[in-house]
Structures are given as structure tokens and as C-alpha cells.
$ cat input06.cif   # mmCIF, C-alpha atoms
data_structure
loop_
_atom_site.label_atom_id
_atom_site.label_comp_id
_atom_site.auth_asym_id
_atom_site.auth_seq_id
_atom_site.Cartn_x
_atom_site.Cartn_y
_atom_site.Cartn_z
CA MET A 58 -25.35 -5.35 -18.87
CA ALA A 59 -28.94 -4.32 -19.40
CA ASN A 60 -28.94 -1.30 -17.09
CA LYS A 61 -27.15 1.97 -17.73
CA SER A 62 -25.51 2.24 -14.34
CA ARG A 63 -22.06 3.81 -14.22
CA VAL A 64 -21.21 2.23 -10.87
CA ILE A 65 -18.82 -0.67 -10.40
CA VAL A 66 -18.93 -2.28 -6.96
CA ALA A 67 -15.66 -3.53 -5.50
CA LEU A 68 -16.48 -6.72 -3.63
CA ASP A 69 -13.57 -6.79 -1.21
CA CYS A 70 -15.77 -8.42 1.43
CA SER A 71 -16.39 -11.90 2.80
CA ASN A 72 -20.08 -11.86 1.83
CA ALA A 73 -19.43 -10.94 -1.80
CA LEU A 74 -22.08 -13.25 -3.28
CA GLU A 75 -24.76 -11.96 -0.94
CA VAL A 76 -23.93 -8.33 -1.77
CA ALA A 77 -23.77 -9.05 -5.50
CA GLU A 78 -27.19 -10.65 -5.53
CA LYS A 79 -28.71 -7.67 -3.70
CA VAL A 80 -27.22 -4.91 -5.87
CA ALA A 81 -27.02 -6.65 -9.26
CA ASP A 82 -29.86 -4.60 -10.75
CA TYR A 83 -28.19 -1.31 -9.79
CA VAL A 84 -24.60 -1.72 -11.01
CA TYR A 85 -22.63 -1.94 -14.22
CA ALA A 86 -20.22 -4.61 -13.00
CA PHE A 87 -18.51 -6.18 -10.01
CA LYS A 88 -14.80 -5.86 -9.29
CA VAL A 89 -12.89 -8.53 -7.39
CA ASN A 90 -9.38 -8.30 -6.01
CA TYR A 91 -6.76 -10.82 -4.91
CA PRO A 92 -7.84 -11.17 -1.24
CA LEU A 93 -11.25 -12.54 -2.18
CA VAL A 94 -9.95 -14.81 -4.94
CA LEU A 95 -7.05 -16.11 -2.84
CA LYS A 96 -9.52 -17.05 -0.13
CA GLU A 97 -12.36 -18.41 -2.27
CA GLY A 98 -10.54 -19.51 -5.41
CA THR A 99 -11.29 -18.45 -8.98
CA GLU A 100 -14.67 -20.17 -8.58
CA ILE A 101 -15.88 -16.96 -6.95
CA ILE A 102 -15.51 -15.23 -10.31
CA THR A 103 -17.67 -17.90 -11.92
CA LYS A 104 -20.33 -17.57 -9.23
CA LEU A 105 -20.37 -13.78 -9.36
CA SER A 106 -20.64 -13.81 -13.15
CA GLU A 107 -24.15 -15.23 -12.71
CA PHE A 108 -25.17 -11.83 -11.34
CA GLY A 109 -23.31 -9.61 -13.80
CA GLU A 110 -20.01 -8.81 -15.44
CA VAL A 111 -16.92 -9.37 -13.32
CA ILE A 112 -13.74 -7.33 -13.56
CA ALA A 113 -10.75 -9.20 -12.17
CA ASP A 114 -8.65 -6.50 -10.55
CA PHE A 115 -5.44 -8.49 -10.30
CA LYS A 116 -3.28 -5.48 -11.21
CA ILE A 117 -1.29 -7.86 -13.37
CA ALA A 118 2.37 -6.83 -13.35
CA ASP A 119 4.83 -9.42 -14.59
CA VAL A 120 6.74 -10.54 -17.66
CA PRO A 121 4.57 -11.29 -20.71
CA HIS A 122 4.16 -15.05 -20.38
CA ILE A 123 3.24 -14.84 -16.68
CA SER A 124 0.93 -11.88 -17.25
CA SER A 125 -0.90 -13.74 -19.99
CA ALA A 126 -1.20 -16.84 -17.77
CA ILE A 127 -2.76 -14.79 -14.95
CA SER A 128 -5.23 -13.15 -17.30
CA ARG A 129 -6.18 -16.50 -18.82
CA CYS A 130 -7.06 -17.84 -15.37
CA ALA A 131 -9.40 -14.87 -14.88
CA PHE A 132 -11.10 -15.16 -18.25
CA GLU A 133 -11.48 -18.93 -18.05
CA ALA A 134 -13.25 -18.43 -14.73
CA GLY A 135 -15.75 -16.09 -16.36
CA ALA A 136 -14.32 -12.60 -15.95
CA GLY A 137 -15.33 -10.06 -18.58
CA ALA A 138 -12.30 -7.84 -18.00
CA VAL A 139 -9.00 -7.68 -16.17
CA ILE A 140 -6.96 -4.84 -14.73
CA ALA A 141 -3.21 -4.75 -15.29
CA HIS A 142 -0.44 -2.31 -14.39
CA ALA A 143 0.85 -0.15 -17.21
CA PHE A 144 4.32 0.31 -15.71
CA VAL A 145 5.37 -3.18 -16.79
CA GLY A 146 5.50 -1.97 -20.38
CA SER A 147 3.65 -2.51 -23.63
CA ASP A 148 4.94 -6.05 -24.19
CA SER A 149 3.29 -7.41 -21.04
CA LEU A 150 0.15 -5.39 -21.66
CA ARG A 151 -0.05 -6.67 -25.23
CA ALA A 152 0.21 -10.23 -23.89
CA VAL A 153 -2.75 -9.60 -21.59
CA VAL A 154 -4.74 -7.92 -24.36
CA GLY A 155 -4.05 -10.88 -26.64
CA VAL A 156 -5.59 -13.27 -24.13
CA ALA A 157 -8.52 -10.93 -23.52
CA ARG A 158 -9.35 -10.86 -27.22
CA GLU A 159 -9.55 -14.66 -27.29
CA TYR A 160 -12.38 -14.46 -24.78
CA GLY A 161 -14.02 -11.29 -26.04
CA GLY A 162 -12.84 -9.53 -22.90
CA GLU A 163 -11.38 -6.16 -22.01
CA VAL A 164 -8.19 -4.86 -20.41
CA TYR A 165 -7.83 -1.76 -18.26
CA ALA A 166 -4.40 -0.41 -17.41
CA VAL A 167 -3.65 1.26 -14.09
CA CYS A 168 -1.98 4.59 -14.79
CA GLU A 169 -2.32 6.21 -11.37
CA LEU A 170 -3.46 4.74 -8.06
CA SER A 171 -6.13 6.47 -5.98
CA SER A 172 -4.09 6.28 -2.77
CA GLU A 173 -1.73 8.99 -1.54
CA GLY A 174 1.17 6.81 -2.61
CA GLY A 175 -0.04 7.16 -6.17
CA LYS A 176 1.38 10.67 -6.13
CA GLU A 177 4.93 9.53 -5.39
CA PHE A 178 5.98 7.58 -8.47
CA MET A 179 2.96 7.08 -10.70
CA MET A 180 1.61 10.61 -11.04
CA PRO A 181 4.84 12.05 -12.53
CA VAL A 182 4.80 9.43 -15.30
CA ALA A 183 1.06 8.77 -15.61
CA GLU A 184 0.74 10.44 -19.00
CA LYS A 185 3.52 8.19 -20.28
CA LEU A 186 1.70 5.19 -18.86
CA VAL A 187 -1.38 6.20 -20.83
CA GLU A 188 0.79 6.13 -23.95
CA VAL A 189 1.89 2.61 -23.04
CA ALA A 190 -1.74 1.54 -22.57
CA VAL A 191 -2.76 3.04 -25.91
CA LYS A 192 0.20 1.41 -27.66
CA ALA A 193 -0.84 -1.96 -26.24
CA ASP A 194 -4.43 -1.44 -27.44
CA CYS A 195 -5.97 -1.54 -23.97
CA ASP A 196 -9.68 -0.81 -23.76
CA GLY A 197 -9.27 1.73 -21.00
CA ILE A 198 -7.32 3.02 -18.06
CA VAL A 199 -7.71 3.39 -14.32
CA ALA A 200 -7.44 6.95 -12.96
CA PRO A 201 -8.15 8.22 -9.42
CA ALA A 202 -11.50 9.59 -8.30
CA THR A 203 -9.59 11.04 -5.36
CA ARG A 204 -7.88 13.50 -7.75
CA VAL A 205 -10.46 14.28 -10.39
CA GLU A 206 -8.23 16.68 -12.29
CA ARG A 207 -6.07 13.68 -13.11
CA ILE A 208 -9.01 11.93 -14.75
CA SER A 209 -9.36 14.79 -17.21
CA ALA A 210 -5.63 15.03 -17.79
CA LEU A 211 -5.16 11.33 -18.52
CA LYS A 212 -8.24 11.04 -20.71
CA ASN A 213 -7.05 14.04 -22.70
CA THR A 214 -3.64 12.41 -23.12
CA ALA A 215 -5.33 9.42 -24.74
CA LYS A 216 -7.35 11.71 -27.01
CA SER A 217 -4.15 13.48 -28.09
CA LEU A 218 -2.89 10.08 -29.21
CA GLY A 219 -5.98 9.55 -31.32
CA ARG A 220 -7.78 7.21 -28.93
CA SER A 221 -11.01 7.61 -27.02
CA ILE A 222 -10.68 5.18 -24.15
CA LYS A 223 -12.83 4.33 -21.16
CA VAL A 224 -11.80 5.44 -17.70
CA LEU A 225 -12.53 3.53 -14.51
CA SER A 226 -12.15 5.67 -11.38
CA PRO A 227 -11.65 4.00 -7.99
CA GLY A 228 -11.53 5.74 -4.63
CA VAL A 229 -15.17 6.81 -4.36
CA GLY A 230 -16.60 6.76 -0.85
CA ALA A 231 -14.25 5.52 1.87
CA GLN A 232 -11.17 7.04 0.21
CA GLY A 233 -12.89 10.40 -0.15
CA GLY A 234 -13.56 10.51 -3.88
CA LYS A 235 -16.86 11.98 -5.05
CA ALA A 236 -18.72 9.98 -7.68
CA ARG A 237 -20.44 12.91 -9.34
CA GLU A 238 -17.22 14.93 -9.59
CA ALA A 239 -15.34 11.98 -11.06
CA LEU A 240 -17.96 11.39 -13.75
CA LYS A 241 -18.10 15.08 -14.61
CA ALA A 242 -14.31 15.04 -14.95
CA GLY A 243 -14.52 12.36 -17.62
CA ALA A 244 -14.72 9.01 -15.84
CA ASP A 245 -16.93 6.52 -17.62
CA TYR A 246 -17.47 4.40 -14.52
CA ILE A 247 -16.75 4.97 -10.84
CA ILE A 248 -15.70 2.24 -8.42
CA ALA A 249 -16.98 2.09 -4.85
CA GLY A 250 -16.54 -0.69 -2.34
CA ARG A 251 -16.71 -0.15 1.40
CA SER A 252 -19.26 2.66 1.09
CA ILE A 253 -21.57 0.18 -0.66
CA TYR A 254 -21.10 -3.16 1.08
CA THR A 255 -20.76 -1.80 4.64
CA GLY A 256 -24.22 -1.68 6.17
CA ASP A 257 -27.23 -1.97 3.85
CA PRO A 258 -25.85 -2.36 0.30
CA VAL A 259 -29.18 -1.74 -1.43
CA LYS A 260 -29.81 1.46 0.50
CA ASN A 261 -26.22 2.57 -0.08
CA ILE A 262 -26.27 1.97 -3.83
CA ARG A 263 -29.65 3.67 -4.19
CA ASN A 264 -28.34 6.71 -2.33
CA LEU A 265 -25.31 6.83 -4.61
CA LEU A 266 -27.42 6.57 -7.75
CA GLU A 267 -29.65 9.34 -6.45
CA GLU A 268 -26.57 11.58 -6.23
CA LEU A 269 -25.79 10.84 -9.86
CA LYS A 270 -29.18 11.74 -11.29
CA GLY A 271 -29.03 14.16 -14.18
CA LEU A 272 -25.64 13.04 -15.46
CA ASP A 273 -25.48 11.62 -18.97
#
$ encode --input "input06.cif" --output "C-alpha cells"
Amino acid sequence: MANKSRVIVALDCSNALEVAEKVADYVYAFKVNYPLVLKEGTEIITKLSEFGEVIADFKIADVPHISSAISRCAFEAGAGAVIAHAFVGSDSLRAVVGVAREYGGEVYAVCELSSEGGKEFMMPVAEKLVEVAVKADCDGIVAPATRVERISALKNTAKSLGRSIKVLSPGVGAQGGKAREALKAGADYIIAGRSIYTGDPVKNIRNLLEELKGLD
């Protein structure tokens, strides 16, 4: 996108198109999840792509041929990137990456969720999941803005493997994550949803960008 924003807006709302049109000039990309797509169909990705890049956060987690089929649906609809789970293993991730490359798209692997439950099973093996993502040639990973020390740890794991990868950090706003802290910890982009689309989205995104002034 033309702007240098480091904010991705999660459009988990019924008025996604309206919000996207209002904040398009202030964000790096839009993220859509299953609830919106199940309700509106993949056409919503196509419509949103008119306002900016769309990341299909389907958290793809299946055997290779099903994972590749899901990702193809997203890219054919106009998504610029998809999010998949790393725990399924490098074969499924490679299948998703293979489809992404056909469309010039990107793949981000979830290595640790931003919710409290992310501490239970994912955190203890998150570094290993980064290895899986690197092995599958993913473009980046997803690490929690709610635990900024984990952003640094997981990005450093990738660096130790000889890869400099992008980090998307969800959990900013309603979940308690702080955008500035996440970016300072090494996140390339932060993800915020409810704190942007609830109320006045333009005012909310401007306030967030004001907080981020001075960061490279």
C-alpha cells in the first residue's frame, strides 16, 4: 500500500465495508476472519480489496490438500495474504505457501495466540513452531501483542535460523495489548479490531497513529 502505516485493522464487524472505506488511508491492510466470510461469502474479500490489501485470517489447519484448497479460495477472491497455523507441520504450511506463490501472495504462521489460552499449549512450543514456519518458507509469523516479550523471543528465534521474517501482532486494544510496546519489541505490524471499529473508526485510528508517532 502507498502509506507507511503499521496498523492492520481486524474487520470482525457487520459493517466491515463501511469501516474499511473510512479508514483505508490510515492502515496497512485489513484482516478478515471466518465469521465475516461465512456470513457474507468470499465476495467480501473481493469488495474489501478495492480499499486495500486483505489478509484472510482463516488460521488454516488441515492436511496439505485441504489447506491448499482453503488458501486458494482466499487468493482467488483477492486476498493478498493468508494466516495458517504452524502446529499442523511444515508439509501443510508448504502447501499453503505454494498456492500463495502462484498468486504473488504471502503466508503468516500462527506461533502463539494472543489469548490467555495461548499460554497453555502454544507458548511452550512456540519457538519450535517458528522453526516449522521458517522451514516452510513462510513470509512471517503471528506473535502476541499481549505478551510483548514473546514477540522479541520468537523474532530472535527466526534470526537464529538465518531468517529475518515479518511479525504480525494481534491483541492490541480490547485484549489489552499496547501497540507502541509491541512495535518496540519487534513487531512489524500490529492488529487492532474492536478498539478501531467500535464507535468512530476514523477518530480511533487517528488516536492510535498519534500514539505511534516517532517510531520507525
$ residues_near_point --input "input06.cif" --point "(-21.9, 1.8, 2.0)" --cutoff "12 Å" --atoms "only C-alpha atoms" --output "PyMOL selection string"
chain A and resi 66-68+70+76+80+229-231+249-265
$ residues_around --input "input06.cif" --residues "A:Gly219" --least-positions-apart "4" --cutoff "12 Å" --atoms "all atoms listed in the file" --output "PyMOL selection string"
chain A and resi 187-188+191-192+194+212-215
$ closest_residue --input "input06.cif" --among "A:Gly146, A:Val153, A:Glu268, A:Lys96" --to "A:Ile123" --atoms "only C-alpha atoms"
A:Val153
$ closest_residue --input "input06.cif" --among "A:Ala183, A:Ala134, A:Val189, A:Ala126" --to "A:Leu150" --atoms "only C-alpha atoms"
A:Val189
$ resolve_selection --input "input06.cif" --expression "the PyMOL selection byres ((chain A and resi 244) around 9)" --output "PDB file with C-alpha atoms, keeping the file's coordinate frame"
ATOM      1  CA  ALA A 200      -7.440   6.950 -12.960  1.00  0.00           C
ATOM      2  CA  ALA A 202     -11.500   9.590  -8.300  1.00  0.00           C
ATOM      3  CA  VAL A 205     -10.460  14.280 -10.390  1.00  0.00           C
ATOM      4  CA  ILE A 208      -9.010  11.930 -14.750  1.00  0.00           C
ATOM      5  CA  SER A 209      -9.360  14.790 -17.210  1.00  0.00           C
ATOM      6  CA  LYS A 212      -8.240  11.040 -20.710  1.00  0.00           C
ATOM      7  CA  LYS A 223     -12.830   4.330 -21.160  1.00  0.00           C
ATOM      8  CA  VAL A 224     -11.800   5.440 -17.700  1.00  0.00           C
ATOM      9  CA  LEU A 225     -12.530   3.530 -14.510  1.00  0.00           C
ATOM     10  CA  SER A 226     -12.150   5.670 -11.380  1.00  0.00           C
ATOM     11  CA  GLU A 238     -17.220  14.930  -9.590  1.00  0.00           C
ATOM     12  CA  ALA A 239     -15.340  11.980 -11.060  1.00  0.00           C
ATOM     13  CA  LEU A 240     -17.960  11.390 -13.750  1.00  0.00           C
ATOM     14  CA  LYS A 241     -18.100  15.080 -14.610  1.00  0.00           C
ATOM     15  CA  ALA A 242     -14.310  15.040 -14.950  1.00  0.00           C
ATOM     16  CA  GLY A 243     -14.520  12.360 -17.620  1.00  0.00           C
ATOM     17  CA  ASP A 245     -16.930   6.520 -17.620  1.00  0.00           C
ATOM     18  CA  TYR A 246     -17.470   4.400 -14.520  1.00  0.00           C
ATOM     19  CA  ILE A 247     -16.750   4.970 -10.840  1.00  0.00           C
TER      20      ILE A 247
END
$ decode --input "input06.cif" --residues "stretch 142-200 of chain A" --atoms "C-alpha atoms" --output "mmCIF file, in the first residue's frame"
data_model
loop_
_atom_site.group_PDB
_atom_site.id
_atom_site.type_symbol
_atom_site.label_atom_id
_atom_site.label_comp_id
_atom_site.auth_asym_id
_atom_site.auth_seq_id
_atom_site.Cartn_x
_atom_site.Cartn_y
_atom_site.Cartn_z
ATOM 1 C CA HIS A 142 -1.478 -22.453 11.979
ATOM 2 C CA ALA A 143 2.086 -23.672 12.314
ATOM 3 C CA PHE A 144 1.214 -26.643 14.527
ATOM 4 C CA VAL A 145 -0.071 -28.630 11.541
ATOM 5 C CA GLY A 146 3.513 -29.074 10.376
ATOM 6 C CA SER A 147 5.730 -27.974 7.530
ATOM 7 C CA ASP A 148 4.011 -30.108 4.880
ATOM 8 C CA SER A 149 0.677 -28.310 5.252
ATOM 9 C CA LEU A 150 2.382 -24.940 5.522
ATOM 10 C CA ARG A 151 4.409 -25.635 2.394
ATOM 11 C CA ALA A 152 1.179 -26.471 0.567
ATOM 12 C CA VAL A 153 -0.281 -23.101 1.569
ATOM 13 C CA VAL A 154 2.919 -21.274 0.633
ATOM 14 C CA GLY A 155 2.911 -22.996 -2.750
ATOM 15 C CA VAL A 156 -0.547 -21.644 -3.516
ATOM 16 C CA ALA A 157 0.385 -18.199 -2.214
ATOM 17 C CA ARG A 158 3.342 -18.003 -4.579
ATOM 18 C CA GLU A 159 1.066 -18.691 -7.551
ATOM 19 C CA TYR A 160 -0.818 -15.505 -6.715
ATOM 20 C CA GLY A 161 2.112 -13.421 -5.529
ATOM 21 C CA GLY A 162 0.721 -13.623 -2.003
ATOM 22 C CA GLU A 163 2.100 -14.109 1.478
ATOM 23 C CA VAL A 164 1.656 -16.607 4.305
ATOM 24 C CA TYR A 165 1.856 -15.885 8.022
ATOM 25 C CA ALA A 166 2.048 -18.734 10.514
ATOM 26 C CA VAL A 167 0.448 -18.516 13.950
ATOM 27 C CA CYS A 168 3.060 -19.476 16.524
ATOM 28 C CA GLU A 169 1.350 -18.202 19.671
ATOM 29 C CA LEU A 170 -2.178 -16.893 20.192
ATOM 30 C CA SER A 171 -2.776 -13.589 21.976
ATOM 31 C CA SER A 172 -5.414 -15.049 24.304
ATOM 32 C CA GLU A 173 -4.699 -16.494 27.745
ATOM 33 C CA GLY A 174 -5.170 -19.948 26.275
ATOM 34 C CA GLY A 175 -2.153 -19.308 24.102
ATOM 35 C CA LYS A 176 -0.019 -19.866 27.186
ATOM 36 C CA GLU A 177 -1.277 -23.406 27.760
ATOM 37 C CA PHE A 178 -0.039 -25.374 24.764
ATOM 38 C CA MET A 179 1.396 -22.960 22.214
ATOM 39 C CA MET A 180 3.814 -20.924 24.305
ATOM 40 C CA PRO A 181 5.906 -23.941 25.425
ATOM 41 C CA VAL A 182 6.490 -24.959 21.800
ATOM 42 C CA ALA A 183 6.293 -21.573 20.063
ATOM 43 C CA GLU A 184 9.997 -21.456 19.229
ATOM 44 C CA LYS A 185 9.645 -24.852 17.565
ATOM 45 C CA LEU A 186 6.666 -23.548 15.615
ATOM 46 C CA VAL A 187 8.827 -20.693 14.347
ATOM 47 C CA GLU A 188 11.260 -23.311 13.069
ATOM 48 C CA VAL A 189 8.389 -25.018 11.249
ATOM 49 C CA ALA A 190 7.338 -21.704 9.695
ATOM 50 C CA VAL A 191 10.881 -20.944 8.570
ATOM 51 C CA LYS A 192 11.289 -24.440 7.140
ATOM 52 C CA ALA A 193 8.089 -23.972 5.136
ATOM 53 C CA ASP A 194 9.331 -20.612 3.803
ATOM 54 C CA CYS A 195 6.519 -18.579 5.347
ATOM 55 C CA ASP A 196 6.768 -14.818 4.969
ATOM 56 C CA GLY A 197 6.154 -14.169 8.632
ATOM 57 C CA ILE A 198 4.643 -15.259 11.902
ATOM 58 C CA VAL A 199 1.905 -14.175 14.279
ATOM 59 C CA ALA A 200 3.022 -13.389 17.847
#
